[in-house]
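Asks: So that we are looking at the same thing, I have put the structure below in structure tokens.
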Amino acid sequence: MVDFYLQLHPFVQGLLKGLAVILVIFPLGGVCSMAERKVSAWIQDRPGPNRAIVPWIAWIPFFGKFLQRLGLFHVMADGGKMLFKEDSLPDHVNKFYFVLAPIVAMIPALTTVTVVPFGAYLDPAGRVIPLVLANVDVGLLAVFAVASLGVYSLILAGWASNSKYPFLGSVRASAQLISYELSMTLSVIPVFLWINAPGAEGTMGLGKAVEFQSLPGFWGGMWFIFLMPVSAFIFLTSLFAETNRQPFDMPESEADLVGGFHTEYGAFKWGLFFVAEYANMIIGSGVFILLFFGGWNPLPWIPIADLVGWLHHLTGSAFWANPFVVGLLSILIFFAKVIFMIFVFMWVRWTVPRFRYDQVMEIGWKKLLPLAIANLLAYAVGIAIVQMKG
């Protein structure tokens with residue numbers, strides 16, 4: 001199967017990769033929407049979505065009722081509603097840009113995922129090879145560069161709506177994303193200062209970050225969350241702001257902007273904005289895990305290669321050494337961590353109250369940015385001392 005794929009024309013390979021991204025991201029966005037409501041219901045001690053059911057499944061004793069209470073069929077119901085609901089186009093909007101804005105929102109979300117590794121396998125020499133659609137050395141730089149373009153969709157939506165509240169939401173979005181991009185970028189520099197030691201080949205690849213959390217020894221196998229906790233905190237806080245998640249959801253604050261930049265949107269166009277938001281949340285969680293939580297390694301100081309070796313030794317079977325099995329195991333570990341991070345996003349949203357807009361700006365410029373600069377200077381000096389002694 002792999003040989004057949006590699007023999008295809010590069011254009012066909014790219015087309016298949018793009019189709020795979022769409023077929024993964026869109027369903028995950030729908031599942032996250034349902035999970036958000038179930039998590040909020042659990043936190044607020046209420047049932048949550050538990051009514052939708054396919055009739056012939058409802059006839060199955062016990063199992064049908066269980067699936068109904070779980071709320072799984074609400075994903076199907078919501079998807080159908082988004083697709084077939086009347087998609088109105090207000091007369092007062094700039095129609096071309098109004099329709100273009102949700103499409104522009106999806107482009108960064110579907111592009112950044114291509115450079116994010118989601119697993120790994122072992123080649124015949126025992127080396128760990130990342131599973132990624134586009135394995136480039138500027139992986140993190142590509143994520144930052146493309147993801148920052150997402151703010152243009154919010155600005156375009158607010159301006160094209162020709163209405164005061166959406167426009168205020170888009171202005172807030174641009175100010176917020178610019179403010180927190182600086183802190184986010186500064187927070188990851190210590191990680192790559194550590195990775196790119198003098199004399200080593202320079203890289204910004206996310207796979208290399210996992211590789212450095214898989215090295216032998218105490219410092220080698222330590223995840224960067226323990227080695228650089230302040231960097232992890234700044235990155236995660238900035239990630240909340242960059243994805244417009246509460247308590248940083250100023251661009252769509254219902255309390256004072258009705259619905260923010262998407263007030264005039266409905267049906268499928270409205271759904272695209274939120275698929276993009278959940279996609280950015282998933283990709284951001286993946287990047288955070290790759291940088292600070294060991295990527296596809298199951299535990300600190302236990303890389304995936306050691307886990308596979310132990311399983312092979314315990315069972316005496318070559319099954320665990322199969323590259324396909326190793327790849328599947330690494331993907332499961334990675335996505336388990338991503339699911340946990342998504343839960344943290346939802347947990348915070350339904351627990352922490354929304355900041356005021358002036359508080360968001362004050363946190364970004366007066367608290368987080370100075371902390372990120374101080375953190376960078378401290379680690380730059382510390383890493384230089386360690387490398388000089390080494």
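Chain lettering (A, B, ...) mirrors the order of the structure tokens, residue numbering begins at 1 for each chain separately, and ligand numbering begins at 1 in order of display.
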Name all residues at most 10 Å from Asp78 (chain A) (count only C-alpha atoms; drop same-chain ones fewer than 3 positions away) and give them as a PDB file with N, CA and C atoms, in the first residue's frame.
Replies:
ATOM      1  N   GLY A  30     -16.855  18.608  14.738  1.00  0.00           N
ATOM      2  CA  GLY A  30     -18.202  18.241  15.195  1.00  0.00           C
ATOM      3  C   GLY A  30     -18.180  17.509  16.522  1.00  0.00           C
ATOM      4  N   SER A  33     -17.544  19.890  19.321  1.00  0.00           N
ATOM      5  CA  SER A  33     -18.743  20.675  19.634  1.00  0.00           C
ATOM      6  C   SER A  33     -19.653  19.907  20.596  1.00  0.00           C
ATOM      7  N   MET A  34     -19.850  18.611  20.322  1.00  0.00           N
ATOM      8  CA  MET A  34     -20.672  17.790  21.204  1.00  0.00           C
ATOM      9  C   MET A  34     -19.990  17.593  22.559  1.00  0.00           C
ATOM     10  N   ALA A  52     -31.303  13.116  20.966  1.00  0.00           N
ATOM     11  CA  ALA A  52     -31.275  12.674  19.566  1.00  0.00           C
ATOM     12  C   ALA A  52     -30.948  11.180  19.471  1.00  0.00           C
ATOM     13  N   PHE A  73     -25.530  11.046  18.835  1.00  0.00           N
ATOM     14  CA  PHE A  73     -26.285  11.346  17.618  1.00  0.00           C
ATOM     15  C   PHE A  73     -26.547  12.840  17.453  1.00  0.00           C
ATOM     16  N   HIS A  74     -26.203  13.628  18.469  1.00  0.00           N
ATOM     17  CA  HIS A  74     -26.329  15.075  18.328  1.00  0.00           C
ATOM     18  C   HIS A  74     -25.315  15.614  17.323  1.00  0.00           C
ATOM     19  N   VAL A  75     -24.177  14.908  17.166  1.00  0.00           N
ATOM     20  CA  VAL A  75     -23.203  15.318  16.147  1.00  0.00           C
ATOM     21  C   VAL A  75     -23.828  15.217  14.762  1.00  0.00           C
ATOM     22  N   LYS A  81     -28.235  19.841  10.389  1.00  0.00           N
ATOM     23  CA  LYS A  81     -28.848  21.165  10.522  1.00  0.00           C
ATOM     24  C   LYS A  81     -27.977  22.236   9.868  1.00  0.00           C
ATOM     25  N   MET A  82     -26.664  22.164  10.075  1.00  0.00           N
ATOM     26  CA  MET A  82     -25.748  23.141   9.475  1.00  0.00           C
ATOM     27  C   MET A  82     -25.810  23.113   7.951  1.00  0.00           C
ATOM     28  N   LEU A  83     -25.897  21.902   7.396  1.00  0.00           N
ATOM     29  CA  LEU A  83     -25.863  21.756   5.936  1.00  0.00           C
ATOM     30  C   LEU A  83     -27.166  22.189   5.272  1.00  0.00           C
ATOM     31  N   GLY A 271     -21.012  27.785  11.004  1.00  0.00           N
ATOM     32  CA  GLY A 271     -20.366  26.542  11.410  1.00  0.00           C
ATOM     33  C   GLY A 271     -18.906  26.489  11.012  1.00  0.00           C
TER      34      GLY A 271
END
Asks: Determine, counting only C-alpha atoms, which protein, DNA and RNA residues have an atom within 7 Å of an atom of Pro251 (chain A); residues of the same chain fewer than 4 positions away are not included. Present the result as a PyMOL selection string.
Replies: chain A and resi 169-170+172-173+260-261
Asks: Can I get the selection written as a PDB file, in the first residue's frame, with C-alpha atoms?
Replies:
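Written file, result.pdb:
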ATOM      1  CA  GLY A 169     -15.321  42.168  17.674  1.00  0.00           C
ATOM      2  CA  SER A 170     -12.935  42.090  14.711  1.00  0.00           C
ATOM      3  CA  ARG A 172     -10.662  43.232  19.430  1.00  0.00           C
ATOM      4  CA  ALA A 173      -9.526  40.055  17.649  1.00  0.00           C
ATOM      5  CA  GLY A 260     -19.002  39.549  18.106  1.00  0.00           C
ATOM      6  CA  PHE A 261     -17.519  39.168  14.628  1.00  0.00           C
TER       7      PHE A 261
END
Asks: Rounded to one decimal, what separation in Å do you get between CA of Leu110 (chain A) and CA of Phe324 (chain A)?
Replies: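 For CA of Leu110 (chain A) relative to CA of Phe324 (chain A), the distance reads 25.2 Å.
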Asks: Kindly assemble as JSON lines a list of the region 113-143 of chain A residues that lie within 7 Å of region 203-223 of chain A, each paired with its nearest atom pair and their distance in Å to one decimal, using only C-alpha atoms, sorted first by chain and then by ascending residue number.
Replies:
{"residue": "A:Val116", "atom": "CA", "partner": "A:Leu206", "partner_atom": "CA", "distance": 6.9}
{"residue": "A:Pro117", "atom": "CA", "partner": "A:Gly207", "partner_atom": "CA", "distance": 6.4}
{"residue": "A:Pro130", "atom": "CA", "partner": "A:Gly207", "partner_atom": "CA", "distance": 6.2}
{"residue": "A:Val136", "atom": "CA", "partner": "A:Gly205", "partner_atom": "CA", "distance": 6.4}
{"residue": "A:Asp137", "atom": "CA", "partner": "A:Gly205", "partner_atom": "CA", "distance": 4.5}
{"residue": "A:Val138", "atom": "CA", "partner": "A:Met204", "partner_atom": "CA", "distance": 4.7}
{"residue": "A:Gly139", "atom": "CA", "partner": "A:Gly205", "partner_atom": "CA", "distance": 4.6}
{"residue": "A:Leu140", "atom": "CA", "partner": "A:Met204", "partner_atom": "CA", "distance": 5.8}
{"residue": "A:Leu141", "atom": "CA", "partner": "A:Met204", "partner_atom": "CA", "distance": 6.7}
Asks: Restrict the calculation to only C-alpha atoms, then for each residue of region 148-251 of chain A with any atom at most 6 Å from an atom of region 352-370 of chain A give the closest atom pair and their distance in Å to one decimal, rows by chain and rising residue number, as JSON lines.
Replies:
{"residue": "A:Ser179", "atom": "CA", "partner": "A:Gly364", "partner_atom": "CA", "distance": 5.8}
{"residue": "A:Tyr180", "atom": "CA", "partner": "A:Gly364", "partner_atom": "CA", "distance": 5.8}
{"residue": "A:Ser183", "atom": "CA", "partner": "A:Leu369", "partner_atom": "CA", "distance": 5.1}
{"residue": "A:Gln246", "atom": "CA", "partner": "A:Arg354", "partner_atom": "CA", "distance": 5.9}
{"residue": "A:Pro247", "atom": "CA", "partner": "A:Arg354", "partner_atom": "CA", "distance": 4.1}
Asks: Going by DSSP on the backbone, which residues of region 57-237 of chain A come out as alpha helix (DSSP H)? List them as a ChimeraX atom specification.
Replies: /A:57-58,63-70,73-84,95-112,139-147,151-160,164-195,206-212,224-227,229-237
Asks: At a cut-off of 9 Å, using only C-alpha atoms, what residues contact Leu376 (chain A)? Leave out same-chain residues fewer than 5 positions from it and give the result as a CSV table (one decimal) with C-alpha atoms, in the first residue's frame.
Replies:
chain,number,residue,atom,x,y,z
A,186,LEU,CA,9.2,34.3,23.0
A,187,SER,CA,8.1,31.3,25.1
A,188,VAL,CA,9.3,28.7,22.7
A,189,ILE,CA,12.7,30.2,22.0
A,190,PRO,CA,14.3,28.6,25.1
A,231,SER,CA,7.7,28.7,29.0
A,371,LEU,CA,7.5,37.5,32.0
A,381,VAL,CA,22.2,32.6,30.2
Asks: Give me the residues within 12 Å of Phe335 (chain A) as a ChimeraX atom specification, counting only C-alpha atoms and dropping any in the same chain fewer than 2 places off.
Replies: /A:28,117-119,282-283,285-287,289-290,295-298,328-333,337-342
Asks: Output C-alpha atoms of each residue in that selection to a file, as a PDB file, in the first residue's frame.
Replies:
ATOM      1  CA  LEU A  28     -13.202  16.254  14.883  1.00  0.00           C
ATOM      2  CA  PRO A 117       3.747  15.313  13.539  1.00  0.00           C
ATOM      3  CA  PHE A 118       1.054  13.060  15.028  1.00  0.00           C
ATOM      4  CA  GLY A 119       3.021   9.865  15.642  1.00  0.00           C
ATOM      5  CA  ILE A 282      -6.661  20.765  18.310  1.00  0.00           C
ATOM      6  CA  ILE A 283      -3.547  21.850  16.398  1.00  0.00           C
ATOM      7  CA  SER A 285      -2.889  21.332  21.731  1.00  0.00           C
ATOM      8  CA  GLY A 286      -0.810  19.087  19.461  1.00  0.00           C
ATOM      9  CA  VAL A 287       1.987  21.658  19.213  1.00  0.00           C
ATOM     10  CA  ILE A 289       2.235  18.414  23.552  1.00  0.00           C
ATOM     11  CA  LEU A 290       5.075  18.080  21.044  1.00  0.00           C
ATOM     12  CA  GLY A 295       4.828  14.101  21.974  1.00  0.00           C
ATOM     13  CA  TRP A 296       4.142  10.406  21.364  1.00  0.00           C
ATOM     14  CA  ASN A 297       6.328   9.222  24.275  1.00  0.00           C
ATOM     15  CA  PRO A 298       4.093   7.587  26.918  1.00  0.00           C
ATOM     16  CA  LEU A 328      -0.645   3.098  15.557  1.00  0.00           C
ATOM     17  CA  LEU A 329       0.509   2.904  19.189  1.00  0.00           C
ATOM     18  CA  SER A 330       2.283   6.274  18.938  1.00  0.00           C
ATOM     19  CA  ILE A 331      -0.791   7.876  17.338  1.00  0.00           C
ATOM     20  CA  LEU A 332      -3.010   6.569  20.153  1.00  0.00           C
ATOM     21  CA  ILE A 333      -0.643   7.952  22.810  1.00  0.00           C
ATOM     22  CA  LYS A 337      -2.741  13.618  25.245  1.00  0.00           C
ATOM     23  CA  VAL A 338      -4.528  15.866  22.726  1.00  0.00           C
ATOM     24  CA  ILE A 339      -7.919  14.776  24.097  1.00  0.00           C
ATOM     25  CA  PHE A 340      -6.738  15.607  27.618  1.00  0.00           C
ATOM     26  CA  MET A 341      -5.613  19.072  26.488  1.00  0.00           C
ATOM     27  CA  ILE A 342      -8.954  19.689  24.747  1.00  0.00           C
TER      28      ILE A 342
END
